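This is query-v7.cif. It holds mmCIF, C-alpha atoms.
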data_protein
#
loop_
_atom_site.group_PDB
_atom_site.id
_atom_site.type_symbol
_atom_site.label_atom_id
_atom_site.label_comp_id
_atom_site.auth_asym_id
_atom_site.auth_seq_id
_atom_site.Cartn_x
_atom_site.Cartn_y
_atom_site.Cartn_z
ATOM 1 C CA MET S 1310 0.000 0.000 0.000
ATOM 2 C CA ALA S 1311 1.306 3.488 -0.872
ATOM 3 C CA ASN S 1312 2.395 5.759 1.957
ATOM 4 C CA SER S 1313 -0.050 8.430 3.088
ATOM 5 C CA TRP S 1314 2.819 10.886 3.364
ATOM 6 C CA PHE S 1315 5.427 12.386 1.056
ATOM 7 C CA ARG S 1316 8.874 13.064 2.499
ATOM 8 C CA PHE S 1317 11.077 15.921 1.345
ATOM 9 C CA LYS S 1318 14.612 16.725 2.515
ATOM 10 C CA LYS S 1319 13.608 19.033 5.373
ATOM 11 C CA PHE S 1320 9.931 18.264 5.971
ATOM 12 C CA ALA S 1321 7.227 15.673 5.387
ATOM 13 C CA VAL S 1322 3.713 16.158 4.044
ATOM 14 C CA GLU S 1323 0.902 13.956 5.354
ATOM 15 C CA GLN S 1324 -1.831 13.942 2.724
ATOM 16 C CA SER S 1325 -4.407 11.328 3.723
ATOM 17 C CA GLY S 1326 -6.981 13.977 4.695
ATOM 18 C CA ALA S 1327 -6.368 16.464 1.893
ATOM 19 C CA ALA S 1328 -8.556 16.732 -1.194
ATOM 20 C CA MET S 1329 -5.536 17.131 -3.474
ATOM 21 C CA LYS S 1330 -2.282 15.250 -2.942
ATOM 22 C CA VAL S 1331 1.311 16.329 -3.437
ATOM 23 C CA GLY S 1332 2.005 16.753 -7.150
ATOM 24 C CA THR S 1333 4.580 18.087 -9.568
ATOM 25 C CA ASP S 1334 2.625 21.336 -10.124
ATOM 26 C CA GLY S 1335 2.944 22.446 -6.519
ATOM 27 C CA VAL S 1336 6.602 21.472 -6.287
ATOM 28 C CA LEU S 1337 7.364 23.385 -9.488
ATOM 29 C CA LEU S 1338 5.717 26.568 -8.228
ATOM 30 C CA GLY S 1339 7.205 26.333 -4.741
ATOM 31 C CA ALA S 1340 10.696 25.983 -6.193
ATOM 32 C CA TRP S 1341 10.264 28.503 -9.065
ATOM 33 C CA ALA S 1342 8.611 31.462 -7.305
ATOM 34 C CA ARG S 1343 11.192 34.220 -6.984
ATOM 35 C CA VAL S 1344 12.556 35.072 -3.530
ATOM 36 C CA VAL S 1345 13.271 38.809 -3.461
ATOM 37 C CA PRO S 1346 15.181 40.443 -0.577
ATOM 38 C CA GLY S 1347 12.750 42.402 1.558
ATOM 39 C CA HIS S 1348 9.725 40.371 0.487
ATOM 40 C CA ILE S 1349 8.849 39.057 3.913
ATOM 41 C CA ARG S 1350 5.055 38.714 3.685
ATOM 42 C CA TRP S 1351 3.902 35.730 1.576
ATOM 43 C CA LEU S 1352 0.413 34.364 0.905
ATOM 44 C CA ASP S 1353 -0.358 30.873 -0.449
ATOM 45 C CA VAL S 1354 -3.871 30.735 -1.936
ATOM 46 C CA GLY S 1355 -5.434 27.256 -1.914
ATOM 47 C CA THR S 1356 -2.648 25.706 0.118
ATOM 48 C CA GLY S 1357 -4.067 22.138 0.159
ATOM 49 C CA THR S 1358 -1.570 20.085 2.169
ATOM 50 C CA GLY S 1359 0.488 23.198 2.919
ATOM 51 C CA LEU S 1360 3.213 22.111 0.475
ATOM 52 C CA ILE S 1361 3.963 25.441 -1.220
ATOM 53 C CA ALA S 1362 3.823 27.383 2.059
ATOM 54 C CA LEU S 1363 6.348 24.945 3.539
ATOM 55 C CA MET S 1364 8.616 25.246 0.495
ATOM 56 C CA VAL S 1365 8.528 29.042 0.747
ATOM 57 C CA ALA S 1366 9.359 28.862 4.454
ATOM 58 C CA GLN S 1367 12.345 26.608 3.696
ATOM 59 C CA ARG S 1368 13.609 28.844 0.897
ATOM 60 C CA THR S 1369 13.398 32.004 3.014
ATOM 61 C CA GLU S 1370 14.811 30.616 6.264
ATOM 62 C CA ALA S 1371 18.372 31.791 5.585
ATOM 63 C CA ALA S 1372 17.467 35.432 4.973
ATOM 64 C CA GLN S 1373 15.498 37.534 7.446
ATOM 65 C CA ALA S 1374 14.176 34.300 8.938
ATOM 66 C CA ALA S 1375 12.753 35.897 12.039
ATOM 67 C CA ARG S 1376 10.645 38.323 10.021
ATOM 68 C CA VAL S 1377 9.396 36.229 7.095
ATOM 69 C CA ARG S 1378 5.744 35.275 7.477
ATOM 70 C CA VAL S 1379 3.763 32.895 5.252
ATOM 71 C CA ASP S 1380 -0.044 32.821 5.431
ATOM 72 C CA ALA S 1381 -1.812 29.848 3.845
ATOM 73 C CA VAL S 1382 -5.519 29.981 2.941
ATOM 74 C CA GLU S 1383 -7.618 26.877 2.254
ATOM 75 C CA VAL S 1384 -11.398 26.685 1.746
ATOM 76 C CA ASP S 1385 -11.746 22.909 2.315
ATOM 77 C CA GLY S 1386 -11.940 22.102 6.037
ATOM 78 C CA ALA S 1387 -10.232 18.699 5.951
ATOM 79 C CA SER S 1388 -7.424 20.041 3.760
ATOM 80 C CA ALA S 1389 -6.935 23.059 6.021
ATOM 81 C CA ALA S 1390 -6.677 20.729 9.014
ATOM 82 C CA GLN S 1391 -4.136 18.615 7.133
ATOM 83 C CA ALA S 1392 -2.097 21.695 6.253
ATOM 84 C CA LEU S 1393 -2.168 22.851 9.872
ATOM 85 C CA ALA S 1394 -0.868 19.469 11.064
ATOM 86 C CA ASN S 1395 1.913 19.508 8.456
ATOM 87 C CA VAL S 1396 2.929 23.025 9.458
ATOM 88 C CA ALA S 1397 2.901 22.101 13.153
ATOM 89 C CA SER S 1398 5.302 19.209 12.543
ATOM 90 C CA SER S 1399 7.662 21.297 10.388
ATOM 91 C CA PRO S 1400 10.662 23.423 11.455
ATOM 92 C CA TRP S 1401 8.723 26.600 10.530
ATOM 93 C CA SER S 1402 5.548 26.308 12.608
ATOM 94 C CA ASP S 1403 6.176 29.755 14.092
ATOM 95 C CA ARG S 1404 6.289 31.420 10.652
ATOM 96 C CA ILE S 1405 3.296 29.855 8.851
ATOM 97 C CA GLY S 1406 -0.357 30.523 9.653
ATOM 98 C CA VAL S 1407 -3.181 28.414 8.191
ATOM 99 C CA TYR S 1408 -6.621 29.945 7.575
ATOM 100 C CA HIS S 1409 -9.795 27.971 6.834
ATOM 101 C CA CYS S 1410 -11.786 30.178 4.483
ATOM 102 C CA GLY S 1411 -12.132 31.132 0.845
ATOM 103 C CA ILE S 1412 -9.702 33.759 -0.378
ATOM 104 C CA GLN S 1413 -12.734 35.920 -1.222
ATOM 105 C CA ASP S 1414 -13.473 36.137 2.529
ATOM 106 C CA PHE S 1415 -9.913 36.283 3.813
ATOM 107 C CA VAL S 1416 -8.979 39.224 6.052
ATOM 108 C CA PRO S 1417 -5.213 39.682 6.578
ATOM 109 C CA GLY S 1418 -4.129 40.013 10.188
ATOM 110 C CA ALA S 1419 -6.796 37.685 11.577
ATOM 111 C CA ALA S 1420 -6.011 34.835 13.946
ATOM 112 C CA ALA S 1421 -4.824 31.661 12.259
ATOM 113 C CA MET S 1422 -6.376 28.240 12.912
ATOM 114 C CA SER S 1423 -5.610 26.670 16.271
ATOM 115 C CA GLU S 1424 -4.614 23.031 16.691
ATOM 116 C CA GLU S 1425 -7.988 22.344 18.326
ATOM 117 C CA ALA S 1426 -9.776 23.837 15.316
ATOM 118 C CA GLY S 1427 -7.577 21.693 13.102
ATOM 119 C CA ARG S 1428 -8.640 18.551 14.962
ATOM 120 C CA GLN S 1429 -12.290 19.569 14.548
ATOM 121 C CA GLY S 1430 -11.729 20.199 10.842
ATOM 122 C CA ALA S 1431 -10.130 16.790 10.416
ATOM 123 C CA ALA S 1432 -13.175 15.267 12.064
ATOM 124 C CA GLY S 1433 -15.469 16.993 9.584
ATOM 125 C CA VAL S 1434 -16.392 20.012 11.698
ATOM 126 C CA ALA S 1435 -15.661 23.440 10.287
ATOM 127 C CA GLY S 1436 -12.464 24.838 11.768
ATOM 128 C CA ASP S 1437 -11.685 28.460 12.502
ATOM 129 C CA SER S 1438 -12.454 30.902 9.800
ATOM 130 C CA VAL S 1439 -10.822 34.277 10.010
ATOM 131 C CA GLY S 1440 -10.788 35.802 13.467
ATOM 132 C CA VAL S 1441 -9.831 39.258 14.657
ATOM 133 C CA ALA S 1442 -6.478 38.980 16.424
ATOM 134 C CA THR S 1443 -3.550 40.364 14.462
ATOM 135 C CA ARG S 1444 -0.056 38.910 14.167
ATOM 136 C CA ALA S 1445 1.410 41.794 12.189
ATOM 137 C CA THR S 1446 4.816 43.115 13.178
ATOM 138 C CA ASP S 1447 5.159 46.820 13.878
ATOM 139 C CA ASP S 1448 7.992 47.387 11.394
ATOM 140 C CA ASP S 1449 6.348 45.662 8.431
ATOM 141 C CA ALA S 1450 4.602 48.136 6.158
ATOM 142 C CA GLY S 1451 2.996 45.291 4.217
ATOM 143 C CA SER S 1452 1.410 44.020 7.419
ATOM 144 C CA ARG S 1453 0.129 47.454 8.416
ATOM 145 C CA GLU S 1454 -1.562 47.773 5.044
ATOM 146 C CA GLY S 1455 -2.878 44.208 5.266
ATOM 147 C CA ARG S 1456 -1.131 43.296 2.041
ATOM 148 C CA TYR S 1457 1.547 40.898 0.832
ATOM 149 C CA HIS S 1458 4.852 41.121 -1.008
ATOM 150 C CA HIS S 1459 4.403 37.834 -2.873
ATOM 151 C CA ILE S 1460 1.263 35.764 -3.492
ATOM 152 C CA VAL S 1461 1.538 32.203 -4.844
ATOM 153 C CA SER S 1462 -1.251 29.920 -6.012
ATOM 154 C CA ASN S 1463 -1.792 26.539 -7.641
ATOM 155 C CA PRO S 1464 -5.422 27.413 -8.386
ATOM 156 C CA PRO S 1465 -8.430 25.356 -9.515
ATOM 157 C CA TRP S 1466 -8.350 25.189 -13.299
ATOM 158 C CA PHE S 1467 -11.025 22.814 -14.673
ATOM 159 C CA VAL S 1468 -13.796 24.882 -16.244
ATOM 160 C CA ASP S 1469 -16.339 22.579 -17.901
ATOM 161 C CA SER S 1470 -15.112 19.068 -17.116
ATOM 162 C CA LEU S 1471 -16.662 16.042 -15.415
ATOM 163 C CA ARG S 1472 -17.022 16.253 -11.647
ATOM 164 C CA SER S 1473 -15.471 13.858 -9.173
ATOM 165 C CA PRO S 1474 -17.712 12.183 -6.558
ATOM 166 C CA HIS S 1475 -15.326 13.695 -3.974
ATOM 167 C CA ALA S 1476 -16.671 17.160 -3.078
ATOM 168 C CA GLY S 1477 -13.358 18.408 -1.722
ATOM 169 C CA ARG S 1478 -11.534 17.393 -4.903
ATOM 170 C CA ASN S 1479 -14.098 19.272 -6.979
ATOM 171 C CA THR S 1480 -13.509 22.397 -4.882
ATOM 172 C CA ALA S 1481 -9.751 22.069 -5.332
ATOM 173 C CA ARG S 1482 -9.857 21.423 -9.089
ATOM 174 C CA HIS S 1483 -12.821 23.314 -10.575
ATOM 175 C CA THR S 1484 -12.965 27.060 -11.175
ATOM 176 C CA ASP S 1485 -16.585 27.381 -10.054
ATOM 177 C CA SER S 1486 -15.218 27.531 -6.477
ATOM 178 C CA LEU S 1487 -12.655 30.198 -7.431
ATOM 179 C CA SER S 1488 -12.696 31.644 -10.937
ATOM 180 C CA TYR S 1489 -9.632 33.187 -12.518
ATOM 181 C CA GLY S 1490 -11.307 36.594 -12.301
ATOM 182 C CA GLU S 1491 -11.992 36.190 -8.581
ATOM 183 C CA LEU S 1492 -8.456 34.993 -7.907
ATOM 184 C CA LEU S 1493 -6.962 37.936 -9.791
ATOM 185 C CA ALA S 1494 -9.255 40.434 -8.055
ATOM 186 C CA CYS S 1495 -8.243 39.031 -4.663
ATOM 187 C CA ALA S 1496 -4.568 39.143 -5.604
ATOM 188 C CA ALA S 1497 -4.930 42.779 -6.694
ATOM 189 C CA ARG S 1498 -6.596 43.596 -3.361
ATOM 190 C CA LEU S 1499 -4.006 41.796 -1.241
ATOM 191 C CA LEU S 1500 -0.747 42.625 -3.039
ATOM 192 C CA VAL S 1501 1.521 45.600 -2.294
ATOM 193 C CA PRO S 1502 2.039 47.965 -5.273
ATOM 194 C CA ASP S 1503 5.438 46.470 -6.144
ATOM 195 C CA GLY S 1504 4.572 42.895 -5.170
ATOM 196 C CA LEU S 1505 4.607 39.663 -7.184
ATOM 197 C CA PHE S 1506 1.906 37.108 -7.980
ATOM 198 C CA SER S 1507 3.045 33.661 -9.151
ATOM 199 C CA VAL S 1508 0.847 30.814 -10.430
ATOM 200 C CA VAL S 1509 1.105 27.426 -12.141
ATOM 201 C CA LEU S 1510 -1.505 26.601 -14.799
ATOM 202 C CA PRO S 1511 -2.215 24.203 -17.643
ATOM 203 C CA ALA S 1512 -0.433 25.548 -20.717
ATOM 204 C CA ASP S 1513 -3.689 25.847 -22.661
ATOM 205 C CA SER S 1514 -5.152 28.133 -19.957
ATOM 206 C CA ALA S 1515 -2.370 30.725 -20.112
ATOM 207 C CA VAL S 1516 -3.827 32.934 -22.864
ATOM 208 C CA ARG S 1517 -7.180 33.248 -21.099
ATOM 209 C CA PHE S 1518 -5.583 33.814 -17.694
ATOM 210 C CA LEU S 1519 -3.243 36.508 -18.990
ATOM 211 C CA ALA S 1520 -6.101 38.312 -20.725
ATOM 212 C CA GLU S 1521 -8.013 38.399 -17.437
ATOM 213 C CA ALA S 1522 -4.830 39.413 -15.616
ATOM 214 C CA ARG S 1523 -4.366 42.433 -17.867
ATOM 215 C CA ALA S 1524 -7.988 43.429 -17.247
ATOM 216 C CA ALA S 1525 -7.300 43.180 -13.490
ATOM 217 C CA GLY S 1526 -4.309 45.524 -13.757
ATOM 218 C CA PHE S 1527 -1.440 43.024 -13.932
ATOM 219 C CA GLY S 1528 1.481 42.722 -16.311
ATOM 220 C CA LEU S 1529 3.700 39.705 -17.008
ATOM 221 C CA ASN S 1530 7.272 39.517 -15.662
ATOM 222 C CA ARG S 1531 8.287 35.898 -16.258
ATOM 223 C CA ARG S 1532 6.897 32.865 -18.066
ATOM 224 C CA THR S 1533 8.322 29.336 -18.035
ATOM 225 C CA ALA S 1534 6.730 26.676 -20.244
ATOM 226 C CA VAL S 1535 7.066 23.191 -18.721
ATOM 227 C CA SER S 1536 7.270 19.998 -20.802
ATOM 228 C CA THR S 1537 7.449 16.465 -19.486
ATOM 229 C CA LEU S 1538 9.755 15.211 -22.277
ATOM 230 C CA PRO S 1539 12.080 16.979 -24.756
ATOM 231 C CA ALA S 1540 9.852 16.512 -27.804
ATOM 232 C CA ALA S 1541 6.545 17.027 -25.989
ATOM 233 C CA ALA S 1542 4.400 20.155 -26.094
ATOM 234 C CA PRO S 1543 4.311 22.139 -22.834
ATOM 235 C CA LYS S 1544 1.783 20.821 -20.321
ATOM 236 C CA ARG S 1545 2.143 23.504 -17.681
ATOM 237 C CA VAL S 1546 3.144 27.148 -17.518
ATOM 238 C CA LEU S 1547 4.604 29.098 -14.602
ATOM 239 C CA LEU S 1548 3.685 32.791 -14.599
ATOM 240 C CA GLU S 1549 4.985 35.679 -12.517
ATOM 241 C CA LEU S 1550 2.754 38.764 -12.613
ATOM 242 C CA ALA S 1551 3.103 42.211 -11.103
ATOM 243 C CA PRO S 1552 0.887 45.303 -10.937
ATOM 244 C CA ALA S 1553 1.125 46.970 -14.336
ATOM 245 C CA GLY S 1554 2.981 49.991 -12.960
ATOM 246 C CA SER S 1555 5.823 47.870 -11.580
ATOM 247 C CA CYS S 1556 6.118 44.976 -14.041
ATOM 248 C CA ALA S 1557 9.257 44.329 -16.091
ATOM 249 C CA ALA S 1558 9.767 46.136 -19.401
ATOM 250 C CA VAL S 1559 10.846 42.864 -21.045
ATOM 251 C CA VAL S 1560 9.235 39.516 -20.236
ATOM 252 C CA GLU S 1561 11.654 36.733 -19.282
ATOM 253 C CA GLU S 1562 10.650 33.727 -21.416
ATOM 254 C CA ARG S 1563 12.056 30.300 -20.584
ATOM 255 C CA SER S 1564 11.291 26.624 -20.984
ATOM 256 C CA LEU S 1565 11.829 23.689 -18.647
ATOM 257 C CA THR S 1566 11.852 19.975 -19.460
ATOM 258 C CA ILE S 1567 11.355 17.544 -16.579
ATOM 259 C CA GLU S 1568 12.623 14.194 -17.941
ATOM 260 C CA THR S 1569 15.329 13.356 -20.471
ATOM 261 C CA GLY S 1570 13.317 10.579 -22.100
ATOM 262 C CA GLU S 1571 16.330 8.254 -22.065
ATOM 263 C CA GLU S 1572 14.710 5.956 -19.514
ATOM 264 C CA ALA S 1573 11.982 6.117 -16.896
ATOM 265 C CA GLY S 1574 12.877 8.312 -13.945
ATOM 266 C CA CYS S 1575 15.797 10.025 -15.665
ATOM 267 C CA TYR S 1576 15.491 13.758 -14.975
ATOM 268 C CA THR S 1577 17.107 16.734 -16.686
ATOM 269 C CA GLU S 1578 19.810 18.730 -14.979
ATOM 270 C CA GLU S 1579 17.680 21.875 -15.069
ATOM 271 C CA TYR S 1580 14.844 20.121 -13.224
ATOM 272 C CA ARG S 1581 17.311 18.698 -10.714
ATOM 273 C CA ARG S 1582 18.737 22.153 -10.071
ATOM 274 C CA LEU S 1583 15.297 23.686 -9.607
ATOM 275 C CA THR S 1584 13.961 21.078 -7.178
ATOM 276 C CA GLY S 1585 17.209 19.725 -5.704
ATOM 277 C CA ASP S 1586 16.704 21.368 -2.305
ATOM 278 C CA PHE S 1587 13.494 19.394 -1.830
ATOM 279 C CA TYR S 1588 13.330 15.974 -3.484
ATOM 280 C CA LEU S 1589 15.162 13.173 -1.677
ATOM 281 C CA ARG S 1590 16.084 11.570 -5.015
ATOM 282 C CA PHE S 1591 18.218 14.587 -5.920
#

Before we go any further, please render this structure as structure tokens.
Amino acid sequence: MANSWFRFKKFAVEQSGAAMKVGTDGVLLGAWARVVPGHIRWLDVGTGTGLIALMVAQRTEAAQAARVRVDAVEVDGASAAQALANVASSPWSDRIGVYHCGIQDFVPGAAAMSEEAGRQGAAGVAGDSVGVATRATDDDAGSREGRYHHIVSNPPWFVDSLRSPHAGRNTARHTDSLSYGELLACAARLLVPDGLFSVVLPADSAVRFLAEARAAGFGLNRRTAVSTLPAAAPKRVLLELAPAGSCAAVVEERSLTIETGEEAGCYTEEYRRLTGDFYLRF
């Protein structure tokens, strides 16, 4: 029987209670999102197991570790409880807060879920939504404004596809729980004027997402097309957006191939470099 957990080099992710399990998409985004000096307030939208929030915490631990804060929002109660448990067992439990609510209802500075609320959520009872207590630090302008320096999201992306019998999986995968327009509007509301917004999407959704992003006031900084094999068409795309007034003059366009195709489980050097701080196999 397969393990219910996935072990990385510095942390483990239990996923038995989460609607969506650990996958390549989340690992790609967590490793690819740019870490900028001074960007100490991060928000992970749709955190699921807490994977991307944990990766961000690991990547930022060497610089300004005491001040970096990662908030992780998850609408599904069981998944939020799972994320909370994974955060609690990690080395960065004091720097990550988990919030059980939709991003549309999220209020920065509210009290994160407690362990008791997490146990209730795991048992099928709604955990804490957003409370009123603030954890903002006095010297963090982003906190005072209730906004973030970098927002990351592996969002729902099925639009008109067949539904799963698992309600939580439907919420995690289908855009009727969080449309691209809603996600972009929330990112615009929660991001500082010179902040960054990074997402991973199916390659065939990029044109539509970028059109909606422009309408929401964003411009494109970076785009990396991801292919599984050298001769294969891109399956995923990693996008870094910024408010139009602060986005790059020239878009950085790159490609990434995951496997060499020489034999099963043979990975490219570029993929190894990107994810080498996380995967045990590298």

**Study point:** Neighbour list for range 1538-1540 of chain S as a PyMOL selection string, cut-off 7 Å, only C-alpha atoms, skip fewer than 6 positions in-chain
**Key:** chain S and resi 1566-1570

Export, as a CSV table (one decimal), in the frame of the given file, the selected residues with C-alpha atoms.
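So the final result, stored in part07.csv, reads:
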chain,number,residue,atom,x,y,z
S,1566,THR,CA,11.9,20.0,-19.5
S,1567,ILE,CA,11.4,17.5,-16.6
S,1568,GLU,CA,12.6,14.2,-17.9
S,1569,THR,CA,15.3,13.4,-20.5
S,1570,GLY,CA,13.3,10.6,-22.1

Review point. Looking at S:Ser1388, S:Ser1536, S:Asn1463, S:Asn1395, which one is nearest to Leu1352 in chain S, with distances taken over only C-alpha atoms?
Key: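 Checking each candidate against Leu1352 in chain S, we get S:Asn1463 as the closest.
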
Exercise for review: Dig up all the protein and nucleic acid residues within 10 Å of (11.7, 34.0, -0.8) in the file frame, using only C-alpha atoms, and format them as a list in words.
Suggested key: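 Residues with an atom close enough to that point: Gly1339, Ala1340, Ala1342, Arg1343, Val1344, Val1345, Pro1346, Gly1347, His1348, Ile1349, Arg1350, Trp1351, Met1364, Val1365, Ala1366, Gln1367, Arg1368, Thr1369, Glu1370, Ala1371, Ala1372, Gln1373, Val1377, His1458 and His1459 of chain S.
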
Check your understanding: Evaluating the PyMOL selection byres ((chain S and resi 1332) around 12) on the displayed file yields which residues, as a VMD selection string?
Key -> chain S and resid 1315 1322 1324 1329 to 1331 1333 to 1339 1357 to 1358 1360 to 1361 1463 1509 1588

Point to revise | Protein, DNA and RNA residues within 10 Å of (14.5, 19.9, -3.8), all atoms listed in the file, as an NGL selection string | key: :S and (1317-1319 or 1336-1337 or 1339-1340 or 1364 or 1580-1591)

I need the chosen residues saved as a PDB file, keeping the file's coordinate frame, with C-alpha atoms.
ATOM      1  CA  PHE S1317      11.077  15.921   1.345  1.00  0.00           C
ATOM      2  CA  LYS S1318      14.612  16.725   2.515  1.00  0.00           C
ATOM      3  CA  LYS S1319      13.608  19.033   5.373  1.00  0.00           C
ATOM      4  CA  VAL S1336       6.602  21.472  -6.287  1.00  0.00           C
ATOM      5  CA  LEU S1337       7.364  23.385  -9.488  1.00  0.00           C
ATOM      6  CA  GLY S1339       7.205  26.333  -4.741  1.00  0.00           C
ATOM      7  CA  ALA S1340      10.696  25.983  -6.193  1.00  0.00           C
ATOM      8  CA  MET S1364       8.616  25.246   0.495  1.00  0.00           C
ATOM      9  CA  TYR S1580      14.844  20.121 -13.224  1.00  0.00           C
ATOM     10  CA  ARG S1581      17.311  18.698 -10.714  1.00  0.00           C
ATOM     11  CA  ARG S1582      18.737  22.153 -10.071  1.00  0.00           C
ATOM     12  CA  LEU S1583      15.297  23.686  -9.607  1.00  0.00           C
ATOM     13  CA  THR S1584      13.961  21.078  -7.178  1.00  0.00           C
ATOM     14  CA  GLY S1585      17.209  19.725  -5.704  1.00  0.00           C
ATOM     15  CA  ASP S1586      16.704  21.368  -2.305  1.00  0.00           C
ATOM     16  CA  PHE S1587      13.494  19.394  -1.830  1.00  0.00           C
ATOM     17  CA  TYR S1588      13.330  15.974  -3.484  1.00  0.00           C
ATOM     18  CA  LEU S1589      15.162  13.173  -1.677  1.00  0.00           C
ATOM     19  CA  ARG S1590      16.084  11.570  -5.015  1.00  0.00           C
ATOM     20  CA  PHE S1591      18.218  14.587  -5.920  1.00  0.00           C
TER      21      PHE S1591
END

Practice item. Go through S:Arg1376, S:His1409, S:Arg1456, S:Arg1545 and flag the residue nearest Gly1359 in chain S, using only C-alpha atoms for the distances. Key: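 Nearest to Gly1359 in chain S: S:His1409.
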
For range 1545-1553 of chain S, what centre and edge lengths in Å (one decimal) does the axis-aligned box get once 4 Å is added on each side of all its listed atoms, as lines of an AutoDock Vina configuration file?
center_x = 2.9
center_y = 35.2
center_z = -14.3
size_x = 12.1
size_y = 31.5
size_z = 14.7

Practice item. For the structure shown, which residues end up in the PyMOL selection byres ((chain S and resi 1411) around 8)? Put them as a PyMOL selection string, please? Key: chain S and resi 1382-1384+1409-1410+1412-1415

Exercise for review: To verify the selection step, state as a count of residues only which residues the PyMOL selection byres ((chain S and resi 1496) around 12) yields on this input.
Suggested key: 39
